[in-house]
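This is upload.cif. It holds mmCIF, C-alpha atoms.
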data_structure
loop_
_atom_site.label_atom_id
_atom_site.label_comp_id
_atom_site.auth_asym_id
_atom_site.auth_seq_id
_atom_site.Cartn_x
_atom_site.Cartn_y
_atom_site.Cartn_z
CA THR A 18 -99.56 -146.76 -116.24
CA THR A 19 -101.83 -149.45 -114.84
CA VAL A 20 -104.39 -148.60 -112.16
CA LEU A 21 -106.39 -151.13 -110.16
CA THR A 22 -110.04 -150.12 -110.33
CA HIS A 23 -113.32 -151.40 -108.92
CA PHE A 24 -116.97 -150.59 -109.59
CA PRO A 25 -119.05 -151.43 -106.47
CA PRO A 26 -121.73 -153.87 -107.72
CA ALA A 27 -124.35 -152.45 -105.35
CA ASP A 28 -124.24 -149.49 -107.77
CA ARG A 29 -124.50 -146.79 -105.09
CA TYR A 30 -122.29 -144.90 -102.66
CA ASP A 31 -124.93 -144.40 -99.95
CA SER A 32 -125.93 -147.96 -99.08
CA ASN A 33 -127.86 -148.68 -95.89
CA ALA A 34 -125.59 -151.69 -95.24
CA ASP A 35 -128.64 -153.94 -95.22
CA VAL A 36 -129.46 -157.40 -96.59
CA GLU A 37 -130.89 -155.98 -99.83
CA ASP A 38 -127.67 -154.19 -100.80
CA ALA A 39 -125.49 -157.11 -99.67
CA LEU A 40 -127.43 -159.48 -101.94
CA LYS A 41 -127.34 -156.95 -104.79
CA SER A 42 -123.55 -156.77 -104.38
CA GLN A 43 -123.45 -160.53 -104.91
CA THR A 44 -125.86 -160.84 -107.85
CA ASN A 45 -124.36 -157.85 -109.74
CA PHE A 46 -120.77 -158.92 -109.18
CA LYS A 47 -119.32 -159.55 -112.66
CA GLU A 48 -115.83 -160.69 -111.65
CA LYS A 49 -116.85 -164.06 -110.17
CA GLY A 50 -114.01 -166.49 -110.70
CA ARG A 51 -111.48 -163.68 -110.85
CA SER A 52 -112.10 -162.09 -107.45
CA ASN A 53 -114.05 -163.08 -104.35
CA CYS A 54 -114.68 -159.67 -102.77
CA SER A 55 -116.43 -156.42 -103.63
CA LEU A 56 -116.91 -153.03 -102.02
CA MET A 57 -120.20 -151.83 -100.52
CA LEU A 58 -120.12 -148.13 -99.70
CA PHE A 59 -122.52 -147.18 -96.93
CA GLY A 60 -123.42 -143.96 -95.19
CA ILE A 61 -125.43 -140.79 -95.71
CA GLY A 62 -123.59 -139.90 -98.93
CA ASP A 63 -124.01 -136.29 -100.10
CA GLY A 64 -125.87 -135.48 -96.91
CA GLY A 65 -122.67 -135.68 -94.88
CA GLY A 66 -120.89 -138.88 -95.83
CA GLY A 67 -120.87 -140.63 -92.48
CA PRO A 68 -122.86 -143.75 -91.55
CA LYS A 69 -125.62 -143.82 -88.99
CA GLU A 70 -125.27 -145.99 -85.89
CA GLU A 71 -127.94 -148.41 -87.12
CA MET A 72 -126.06 -148.86 -90.39
CA ILE A 73 -122.94 -149.95 -88.52
CA MET A 74 -125.00 -152.35 -86.39
CA GLN A 75 -126.60 -153.85 -89.53
CA ALA A 76 -123.21 -154.31 -91.18
CA GLN A 77 -121.92 -156.05 -88.05
CA ARG A 78 -124.90 -158.46 -88.11
CA LEU A 79 -124.03 -159.35 -91.73
CA LYS A 80 -120.59 -160.58 -90.67
CA ASP A 81 -121.76 -164.20 -90.72
CA LEU A 82 -125.46 -164.38 -91.57
CA SER A 83 -126.80 -167.45 -93.36
CA GLY A 84 -127.86 -166.79 -96.97
CA VAL A 85 -126.06 -163.46 -97.18
CA PRO A 86 -122.48 -162.69 -98.34
CA LYS A 87 -120.07 -162.21 -95.42
CA VAL A 88 -119.57 -158.51 -94.69
CA THR A 89 -116.46 -157.01 -93.05
CA ILE A 90 -116.13 -153.36 -92.10
CA GLN A 91 -112.72 -152.05 -93.14
CA GLU A 92 -110.96 -149.12 -94.79
CA THR A 93 -111.02 -148.81 -98.57
CA SER A 94 -107.21 -149.06 -98.71
CA SER A 95 -107.37 -152.47 -96.95
CA PHE A 96 -110.01 -153.65 -99.40
CA PHE A 97 -107.85 -152.85 -102.42
CA LYS A 98 -104.82 -154.54 -100.88
CA ASN A 99 -106.85 -157.71 -100.23
CA MET A 100 -108.44 -157.62 -103.67
CA GLU A 101 -105.09 -157.23 -105.41
CA ALA A 102 -103.59 -160.10 -103.41
CA GLN A 103 -106.51 -162.52 -103.86
CA SER A 104 -107.62 -161.73 -107.41
CA LYS A 105 -106.41 -163.54 -110.53
CA ASN A 106 -106.59 -163.00 -114.28
CA LEU A 107 -108.16 -159.56 -113.94
CA LEU A 108 -109.22 -158.01 -117.22
CA SER A 109 -107.54 -154.84 -118.50
CA TRP A 110 -109.31 -151.87 -120.03
CA GLU A 111 -107.28 -149.54 -122.24
CA GLY A 112 -108.38 -145.92 -122.37
CA GLU A 113 -110.81 -143.82 -120.38
CA LEU A 114 -113.48 -145.37 -118.18
CA TYR A 115 -116.41 -143.64 -119.85
CA LEU A 116 -119.33 -142.83 -117.57
CA GLU A 117 -122.25 -142.36 -119.94
CA LYS A 118 -124.29 -140.35 -117.45
CA HIS A 119 -121.52 -137.79 -116.86
CA ASN A 120 -120.74 -136.67 -120.41
CA GLY A 121 -121.85 -133.07 -120.05
CA THR A 122 -123.73 -130.78 -117.72
CA TYR A 123 -125.96 -127.73 -117.70
CA THR A 124 -125.34 -125.15 -115.02
CA THR A 125 -126.96 -122.42 -112.97
CA GLN A 126 -123.57 -120.65 -112.72
CA ALA A 127 -122.67 -119.61 -116.28
CA GLU A 128 -119.70 -117.43 -115.29
CA ASN A 129 -118.20 -120.27 -113.28
CA LYS A 130 -118.48 -122.72 -116.19
CA ARG A 131 -117.02 -120.12 -118.58
CA TYR A 132 -114.03 -119.68 -116.27
CA ASN A 133 -113.57 -123.46 -116.21
CA ARG A 134 -113.44 -123.66 -120.02
CA ILE A 135 -110.98 -120.77 -120.24
CA CYS A 136 -108.75 -122.50 -117.70
CA GLU A 137 -108.93 -125.83 -119.57
CA GLN A 138 -107.70 -124.13 -122.73
CA LYS A 139 -105.08 -121.94 -121.10
CA ILE A 140 -103.44 -124.64 -118.99
CA ALA A 141 -102.92 -126.80 -122.09
CA GLN A 142 -101.33 -123.81 -123.84
CA ALA A 143 -99.26 -122.88 -120.80
CA GLU A 144 -97.80 -126.37 -120.50
CA MET A 145 -97.04 -126.53 -124.22
CA PHE A 146 -95.21 -123.18 -124.20
CA ALA A 147 -93.38 -124.08 -120.98
CA VAL A 148 -92.13 -127.34 -122.53
CA TRP A 149 -91.02 -125.57 -125.71
CA ASN A 150 -89.27 -122.93 -123.64
CA LYS A 151 -87.46 -125.52 -121.51
CA TYR A 152 -86.06 -127.49 -124.43
CA ILE A 153 -85.32 -124.59 -126.80
CA THR A 154 -83.95 -122.03 -124.31
CA SER A 155 -83.09 -124.29 -121.30
CA THR A 156 -85.38 -122.15 -119.12
CA LEU A 157 -86.55 -123.75 -115.86
CA TYR A 158 -89.92 -125.50 -116.24
CA PRO A 159 -92.53 -123.77 -113.98
CA LYS A 160 -93.63 -127.01 -112.32
CA GLU A 161 -94.81 -125.55 -109.00
CA MET A 162 -96.96 -122.88 -110.62
CA LEU A 163 -98.50 -125.34 -113.11
CA ASP A 164 -99.14 -127.87 -110.33
CA ASN A 165 -100.98 -125.26 -108.29
CA CYS A 166 -103.07 -124.29 -111.32
CA TRP A 167 -104.17 -127.75 -112.44
CA LYS A 168 -104.94 -128.86 -108.90
CA LYS A 169 -107.19 -125.84 -108.39
CA ILE A 170 -108.88 -126.39 -111.76
CA LEU A 171 -109.61 -130.03 -110.89
CA GLN A 172 -110.87 -129.02 -107.45
CA TYR A 173 -113.40 -126.66 -109.05
CA GLN A 174 -114.49 -129.36 -111.52
CA PHE A 175 -116.06 -131.30 -108.65
CA HIS A 176 -119.47 -132.46 -109.84
CA ASP A 177 -121.45 -130.07 -107.63
CA VAL A 178 -119.43 -126.99 -108.61
CA LEU A 179 -119.89 -127.00 -112.42
CA PRO A 180 -123.67 -127.63 -112.47
CA GLY A 181 -124.22 -124.94 -109.87
CA THR A 182 -125.51 -127.13 -107.05
CA SER A 183 -122.94 -126.02 -104.47
CA VAL A 184 -123.64 -123.51 -101.70
CA LYS A 185 -123.13 -119.77 -102.23
CA MET A 186 -119.80 -119.77 -100.40
CA VAL A 187 -118.25 -122.04 -103.07
CA TYR A 188 -118.99 -119.58 -105.89
CA GLU A 189 -117.77 -116.66 -103.83
CA GLU A 190 -114.46 -118.52 -103.66
CA THR A 191 -114.28 -119.58 -107.31
CA SER A 192 -115.11 -116.07 -108.54
CA LYS A 193 -111.99 -114.86 -106.70
CA GLU A 194 -109.70 -117.81 -107.47
CA TYR A 195 -110.39 -118.33 -111.18
CA PRO A 196 -109.00 -114.90 -112.21
CA LYS A 197 -105.84 -115.68 -110.19
CA ILE A 198 -105.44 -119.02 -111.98
CA ILE A 199 -105.91 -117.34 -115.37
CA ALA A 200 -103.39 -114.63 -114.46
CA ASP A 201 -100.79 -117.29 -113.51
CA LEU A 202 -101.38 -119.21 -116.75
CA ASP A 203 -101.18 -116.03 -118.83
CA SER A 204 -97.91 -115.21 -117.09
CA ILE A 205 -96.46 -118.63 -118.05
CA ILE A 206 -97.66 -118.26 -121.66
CA ASN A 207 -96.43 -114.69 -122.14
CA THR A 208 -93.09 -115.28 -120.43
CA SER A 209 -92.45 -118.40 -122.50
CA MET A 210 -93.44 -116.71 -125.77
CA GLU A 211 -91.15 -113.78 -125.04
CA SER A 212 -88.28 -116.10 -124.13
CA LEU A 213 -88.77 -118.17 -127.30
CA SER A 214 -88.91 -115.04 -129.46
CA GLN A 215 -85.71 -113.69 -127.93
CA ARG A 216 -84.00 -117.04 -128.49
CA VAL A 217 -84.61 -117.03 -132.24
CA TYR A 218 -84.23 -113.25 -132.64
CA GLY A 219 -81.19 -112.38 -134.74
CA THR A 220 -80.69 -115.93 -136.03
CA THR A 221 -81.28 -117.29 -139.53
CA ILE A 222 -83.79 -120.14 -139.77
CA GLN A 223 -84.77 -121.69 -143.09
CA GLY A 224 -83.05 -118.81 -144.86
CA ILE A 225 -85.07 -116.20 -142.96
CA THR A 226 -83.33 -113.64 -140.75
CA THR A 227 -85.62 -113.46 -137.74
CA PRO A 228 -85.54 -109.69 -137.04
CA ASN A 229 -87.36 -109.36 -140.36
CA CYS A 230 -90.09 -111.85 -139.53
CA VAL A 231 -93.05 -112.59 -137.33
CA LEU A 232 -93.31 -115.71 -135.15
CA VAL A 233 -96.79 -117.29 -135.26
CA PHE A 234 -97.73 -120.10 -132.83
CA ASN A 235 -100.35 -122.84 -133.24
CA THR A 236 -101.58 -124.28 -129.94
CA LEU A 237 -103.97 -126.75 -131.59
CA GLY A 238 -103.17 -130.40 -132.20
CA VAL A 239 -104.11 -130.20 -135.91
CA PHE A 240 -102.68 -128.50 -139.00
CA ARG A 241 -104.13 -125.03 -139.18
CA LYS A 242 -104.69 -122.69 -142.13
CA ASP A 243 -105.60 -119.20 -141.01
CA THR A 244 -105.15 -115.50 -141.64
CA VAL A 245 -102.54 -113.48 -139.74
CA SER A 246 -103.01 -109.72 -139.45
CA LEU A 247 -100.38 -107.10 -138.63
CA GLN A 248 -100.95 -103.39 -138.06
CA VAL A 249 -98.17 -100.99 -139.08
CA GLY A 250 -99.04 -97.39 -138.35
CA GLU A 251 -102.52 -96.85 -139.75
CA LYS A 252 -102.30 -99.72 -142.24
CA LEU A 253 -103.45 -103.25 -141.59
CA PHE A 254 -101.84 -106.14 -143.50
CA SER A 255 -102.82 -109.80 -143.67
CA GLU A 256 -101.53 -113.09 -145.06
CA GLU A 257 -103.01 -116.59 -145.15
CA ILE A 258 -100.57 -119.07 -143.61
CA SER A 259 -100.34 -122.77 -142.70
CA LEU A 260 -99.19 -123.88 -139.27
CA PRO A 261 -98.06 -127.32 -138.02
CA PRO A 262 -99.86 -128.86 -134.99
CA TYR A 263 -98.38 -127.79 -131.66
CA GLY A 264 -95.78 -125.74 -133.50
CA PHE A 265 -94.90 -122.36 -134.92
CA SER A 266 -94.02 -120.78 -138.26
CA ILE A 267 -91.70 -117.93 -139.16
CA ILE A 268 -93.38 -115.47 -141.53
CA PRO A 269 -91.16 -112.93 -143.39
CA LEU A 270 -92.44 -109.38 -143.00
CA LYS A 271 -92.16 -108.83 -146.76
CA ASP A 272 -94.72 -111.61 -147.29
CA LEU A 273 -97.03 -110.37 -144.58
CA MET A 274 -96.99 -106.77 -145.83
CA ARG A 275 -97.78 -107.50 -149.47
CA MET A 276 -101.51 -106.82 -149.30
CA PRO A 277 -103.09 -104.16 -147.05
CA LEU A 278 -106.63 -104.85 -145.85
CA GLN A 279 -109.45 -102.56 -146.93
CA ALA A 280 -110.83 -100.52 -144.04
CA GLU A 281 -114.35 -100.39 -145.51
CA VAL A 282 -116.72 -103.15 -144.40
CA ILE A 283 -119.87 -103.71 -146.45
CA HIS A 284 -122.83 -105.37 -144.76
CA PRO A 285 -125.12 -107.04 -147.35
CA GLU A 286 -128.83 -106.49 -147.02
CA LEU A 287 -130.62 -109.14 -144.96
CA ARG A 288 -133.91 -110.37 -146.38
CA ALA A 289 -136.60 -112.45 -144.72
CA ARG A 290 -139.45 -114.45 -146.27
CA ALA A 291 -142.10 -116.67 -144.76
CA GLU A 292 -143.11 -120.02 -146.21
CA GLY A 293 -145.78 -121.88 -144.31
CA ASN A 294 -144.62 -122.16 -140.68
CA SER A 295 -140.97 -121.44 -141.57
CA LEU A 296 -139.00 -118.18 -141.73
CA PHE A 297 -136.02 -117.98 -144.13
CA LEU A 298 -133.23 -115.38 -143.81
CA SER A 299 -130.90 -114.62 -146.72
CA ASN A 300 -128.38 -112.00 -147.83
#
Structure re-expressed in structure tokens:
Amino acid sequence: TTVLTHFPPADRYDSNADVEDALKSQTNFKEKGRSNCSLMLFGIGDGGGGPKEEMIMQAQRLKDLSGVPKVTIQETSSFFKNMEAQSKNLLSWEGELYLEKHNGTYTTQAENKRYNRICEQKIAQAEMFAVWNKYITSTLYPKEMLDNCWKKILQYQFHDVLPGTSVKMVYEETSKEYPKIIADLDSIINTSMESLSQRVYGTTIQGITTPNCVLVFNTLGVFRKDTVSLQVGEKLFSEEISLPPYGFSIIPLKDLMRMPLQAEVIHPELRARAEGNSLFLSN
């Protein structure tokens, strides 16, 4: 996919539409020779978005003012159409447009950010299980439900929501909507897992009859070596297994039930010692 992009050279989205910003748009314009137009965004910005009357009048005066780039008031869509038609030999950038000042954020709303992270993880898992389920069992892909979920998640990732700088009403909404999103994603995951398990139940895969096995899924994109635990009655069994990325393994019950876990947990003594201005803990 190729997307036409543009970074306004005035380097702001709340310009006053004055001579200073018009000249800055010209001097900072890095595509000279490839394009002859740039975008200058003017208005109040976060304070409401709309321009003041004097800003419009200033922009109109810059339509044909000596020593200043010609300014035309138009919709953004018209600008991109004109730029695409008039530009030549535009450079291509492969990959993400990394914004170095937006690579993380603190927050005043910890619960909201926690919900966001849970949703990020669960929607990736939900889509993976839904795709598996579609191609292995021919079950209908839950497109509408997934679309609703990811659109809501993106809406609540707006840059004022995550850092906690939105008004109270926003967090009253997200605290109600996030649990609904998580419930929908859990429904997709659980339904898909159950459908996949039923599909392989009673079949023989790699010499293993599936009623006598456990299906273990890996939702990570890397090979994973981990311990699987299974409780049978009052006994707890475990087995270290390897899992392929974005895949699953079939573990025979006889392998999983070879070694019961010990119920007793021993906590070693914790010791502390001071050396100079440092405190060392050991066990």
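For the choices A:Asp31, A:Thr18, A:Gly181, A:Val231, the atom-to-atom distance to A:Gly60 is smallest for A:Asp31 when using all atoms listed in the file.
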- Message: I'd like the residues picked by the PyMOL selection byres ((chain A and resi 233) around 12) written out as a PyMOL selection string, using the chain letters and numbers from the file.
- Response: chain A and resi 210+213-214+230-232+234-236+241-247+256-270+273
- Message: I'd like the contact shell of A:Phe146 - 8 Å cut-off, all atoms listed in the file, skipping same-chain residues fewer than 6 positions apart - returned as a PyMOL selection string.
- Response: chain A and resi 205-206+209-210
- Message: For a test of reading the model, state the distance in Å between atom CA of A:Ile198 and atom CA of A:Leu157, rounded to one decimal.
- Response: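 Going from atom CA of A:Ile198 over to atom CA of A:Leu157, I get 19.9 Å.
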- Message: as a list in words, please: the residues near A:Asn133 (cut-off 8 Å, all atoms listed in the file, same-chain neighbours under 2 positions excluded).
- Response: Asn129, Lys130, Arg131, Ile135, Cys136, Glu137, Ile170, Tyr173, Gln174 and Tyr195 of chain A
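With all atoms listed in the file as the atoms that count, the residue of A:Leu179, A:Val148, A:Val85, A:Ile153 with the shortest distance to A:Asp35 is A:Val85.
Of note, atom CA of A:His23 and atom CA of A:Ser104 are spaced 11.9 Å apart.
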- Query: So which residues fall inside 10 Å of (-103.6, -121.8, -119.0) if we count only C-alpha atoms? Mind giving them as a PyMOL selection string?
  - Reply: chain A and resi 135-146+163+166-167+198-206
Could you write out that same residue set with C-alpha atoms as a PDB file, keeping the file's coordinate frame?
ATOM      1  CA  ILE A 135    -110.980-120.770-120.240  1.00  0.00           C
ATOM      2  CA  CYS A 136    -108.750-122.500-117.700  1.00  0.00           C
ATOM      3  CA  GLU A 137    -108.930-125.830-119.570  1.00  0.00           C
ATOM      4  CA  GLN A 138    -107.700-124.130-122.730  1.00  0.00           C
ATOM      5  CA  LYS A 139    -105.080-121.940-121.100  1.00  0.00           C
ATOM      6  CA  ILE A 140    -103.440-124.640-118.990  1.00  0.00           C
ATOM      7  CA  ALA A 141    -102.920-126.800-122.090  1.00  0.00           C
ATOM      8  CA  GLN A 142    -101.330-123.810-123.840  1.00  0.00           C
ATOM      9  CA  ALA A 143     -99.260-122.880-120.800  1.00  0.00           C
ATOM     10  CA  GLU A 144     -97.800-126.370-120.500  1.00  0.00           C
ATOM     11  CA  MET A 145     -97.040-126.530-124.220  1.00  0.00           C
ATOM     12  CA  PHE A 146     -95.210-123.180-124.200  1.00  0.00           C
ATOM     13  CA  LEU A 163     -98.500-125.340-113.110  1.00  0.00           C
ATOM     14  CA  CYS A 166    -103.070-124.290-111.320  1.00  0.00           C
ATOM     15  CA  TRP A 167    -104.170-127.750-112.440  1.00  0.00           C
ATOM     16  CA  ILE A 198    -105.440-119.020-111.980  1.00  0.00           C
ATOM     17  CA  ILE A 199    -105.910-117.340-115.370  1.00  0.00           C
ATOM     18  CA  ALA A 200    -103.390-114.630-114.460  1.00  0.00           C
ATOM     19  CA  ASP A 201    -100.790-117.290-113.510  1.00  0.00           C
ATOM     20  CA  LEU A 202    -101.380-119.210-116.750  1.00  0.00           C
ATOM     21  CA  ASP A 203    -101.180-116.030-118.830  1.00  0.00           C
ATOM     22  CA  SER A 204     -97.910-115.210-117.090  1.00  0.00           C
ATOM     23  CA  ILE A 205     -96.460-118.630-118.050  1.00  0.00           C
ATOM     24  CA  ILE A 206     -97.660-118.260-121.660  1.00  0.00           C
TER      25      ILE A 206
END
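Checking A:Glu161, A:Leu40, A:Trp110, A:Thr191 one by one against A:Phe175, counting all atoms listed in the file, you find the shortest gap at A:Thr191.
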- Task: Report as an NGL selection string the residues that result from applying the PyMOL selection byres ((chain A and resi 19) around 12) to the structure here.
- Result: :A and (18 or 20-22 or 107-113)
- Tell me which protein, DNA and RNA residues are within 12 Å of A:Ala102, counting all atoms listed in the file, leaving out same-chain ones fewer than 4 positions away, and put them as a PyMOL selection string. chain A and resi 21+51-54+95-98+106-107
- Query: Quick one: distance from atom CA of A:Lys69 to atom CA of A:Lys47 in Å, one decimal?
  - Reply: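 Atom CA of A:Lys47 lies at a distance of 29.1 Å from atom CA of A:Lys69.
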Can you give me N, CA and C atoms for stretch 128-149 of chain A, written as an mmCIF file, in the coordinates of the input?
data_model
loop_
_atom_site.group_PDB
_atom_site.id
_atom_site.type_symbol
_atom_site.label_atom_id
_atom_site.label_comp_id
_atom_site.auth_asym_id
_atom_site.auth_seq_id
_atom_site.Cartn_x
_atom_site.Cartn_y
_atom_site.Cartn_z
ATOM 1 N N GLU A 128 -121.031 -118.032 -115.378
ATOM 2 C CA GLU A 128 -119.700 -117.430 -115.290
ATOM 3 C C GLU A 128 -118.681 -118.459 -114.796
ATOM 4 N N ASN A 129 -119.090 -119.263 -113.837
ATOM 5 C CA ASN A 129 -118.200 -120.270 -113.280
ATOM 6 C C ASN A 129 -117.794 -121.303 -114.350
ATOM 7 N N LYS A 130 -118.769 -121.737 -115.145
ATOM 8 C CA LYS A 130 -118.480 -122.720 -116.190
ATOM 9 C C LYS A 130 -117.622 -122.091 -117.291
ATOM 10 N N ARG A 131 -117.852 -120.828 -117.591
ATOM 11 C CA ARG A 131 -117.020 -120.120 -118.580
ATOM 12 C C ARG A 131 -115.578 -120.052 -118.107
ATOM 13 N N TYR A 132 -115.385 -119.710 -116.829
ATOM 14 C CA TYR A 132 -114.030 -119.680 -116.270
ATOM 15 C C TYR A 132 -113.357 -121.050 -116.392
ATOM 16 N N ASN A 133 -114.125 -122.107 -116.124
ATOM 17 C CA ASN A 133 -113.570 -123.460 -116.210
ATOM 18 C C ASN A 133 -113.060 -123.755 -117.618
ATOM 19 N N ARG A 134 -113.848 -123.394 -118.634
ATOM 20 C CA ARG A 134 -113.440 -123.660 -120.020
ATOM 21 C C ARG A 134 -112.207 -122.849 -120.398
ATOM 22 N N ILE A 135 -112.154 -121.603 -119.965
ATOM 23 C CA ILE A 135 -110.980 -120.770 -120.240
ATOM 24 C C ILE A 135 -109.739 -121.400 -119.620
ATOM 25 N N CYS A 136 -109.882 -121.879 -118.392
ATOM 26 C CA CYS A 136 -108.750 -122.500 -117.700
ATOM 27 C C CYS A 136 -108.315 -123.786 -118.390
ATOM 28 N N GLU A 137 -109.275 -124.594 -118.851
ATOM 29 C CA GLU A 137 -108.930 -125.830 -119.570
ATOM 30 C C GLU A 137 -108.071 -125.522 -120.783
ATOM 31 N N GLN A 138 -108.439 -124.488 -121.519
ATOM 32 C CA GLN A 138 -107.700 -124.130 -122.730
ATOM 33 C C GLN A 138 -106.333 -123.537 -122.390
ATOM 34 N N LYS A 139 -106.323 -122.649 -121.411
ATOM 35 C CA LYS A 139 -105.080 -121.940 -121.100
ATOM 36 C C LYS A 139 -104.038 -122.845 -120.452
ATOM 37 N N ILE A 140 -104.458 -123.818 -119.643
ATOM 38 C CA ILE A 140 -103.440 -124.640 -118.990
ATOM 39 C C ILE A 140 -102.776 -125.576 -120.005
ATOM 40 N N ALA A 141 -103.523 -125.998 -121.027
ATOM 41 C CA ALA A 141 -102.920 -126.800 -122.090
ATOM 42 C C ALA A 141 -101.898 -125.959 -122.857
ATOM 43 N N GLN A 142 -102.255 -124.709 -123.144
ATOM 44 C CA GLN A 142 -101.330 -123.810 -123.840
ATOM 45 C C GLN A 142 -100.115 -123.495 -122.990
ATOM 46 N N ALA A 143 -100.362 -123.241 -121.699
ATOM 47 C CA ALA A 143 -99.260 -122.880 -120.800
ATOM 48 C C ALA A 143 -98.238 -124.006 -120.707
ATOM 49 N N GLU A 144 -98.726 -125.251 -120.589
ATOM 50 C CA GLU A 144 -97.800 -126.370 -120.500
ATOM 51 C C GLU A 144 -97.022 -126.551 -121.802
ATOM 52 N N MET A 145 -97.708 -126.388 -122.927
ATOM 53 C CA MET A 145 -97.040 -126.530 -124.220
ATOM 54 C C MET A 145 -95.922 -125.499 -124.373
ATOM 55 N N PHE A 146 -96.220 -124.226 -124.079
ATOM 56 C CA PHE A 146 -95.210 -123.180 -124.200
ATOM 57 C C PHE A 146 -94.070 -123.386 -123.208
ATOM 58 N N ALA A 147 -94.407 -123.845 -121.994
ATOM 59 C CA ALA A 147 -93.380 -124.080 -120.980
ATOM 60 C C ALA A 147 -92.423 -125.192 -121.413
ATOM 61 N N VAL A 148 -92.969 -126.247 -122.045
ATOM 62 C CA VAL A 148 -92.130 -127.340 -122.530
ATOM 63 C C VAL A 148 -91.233 -126.871 -123.675
ATOM 64 N N TRP A 149 -91.821 -126.138 -124.616
ATOM 65 C CA TRP A 149 -91.020 -125.570 -125.710
ATOM 66 C C TRP A 149 -89.878 -124.726 -125.131
#
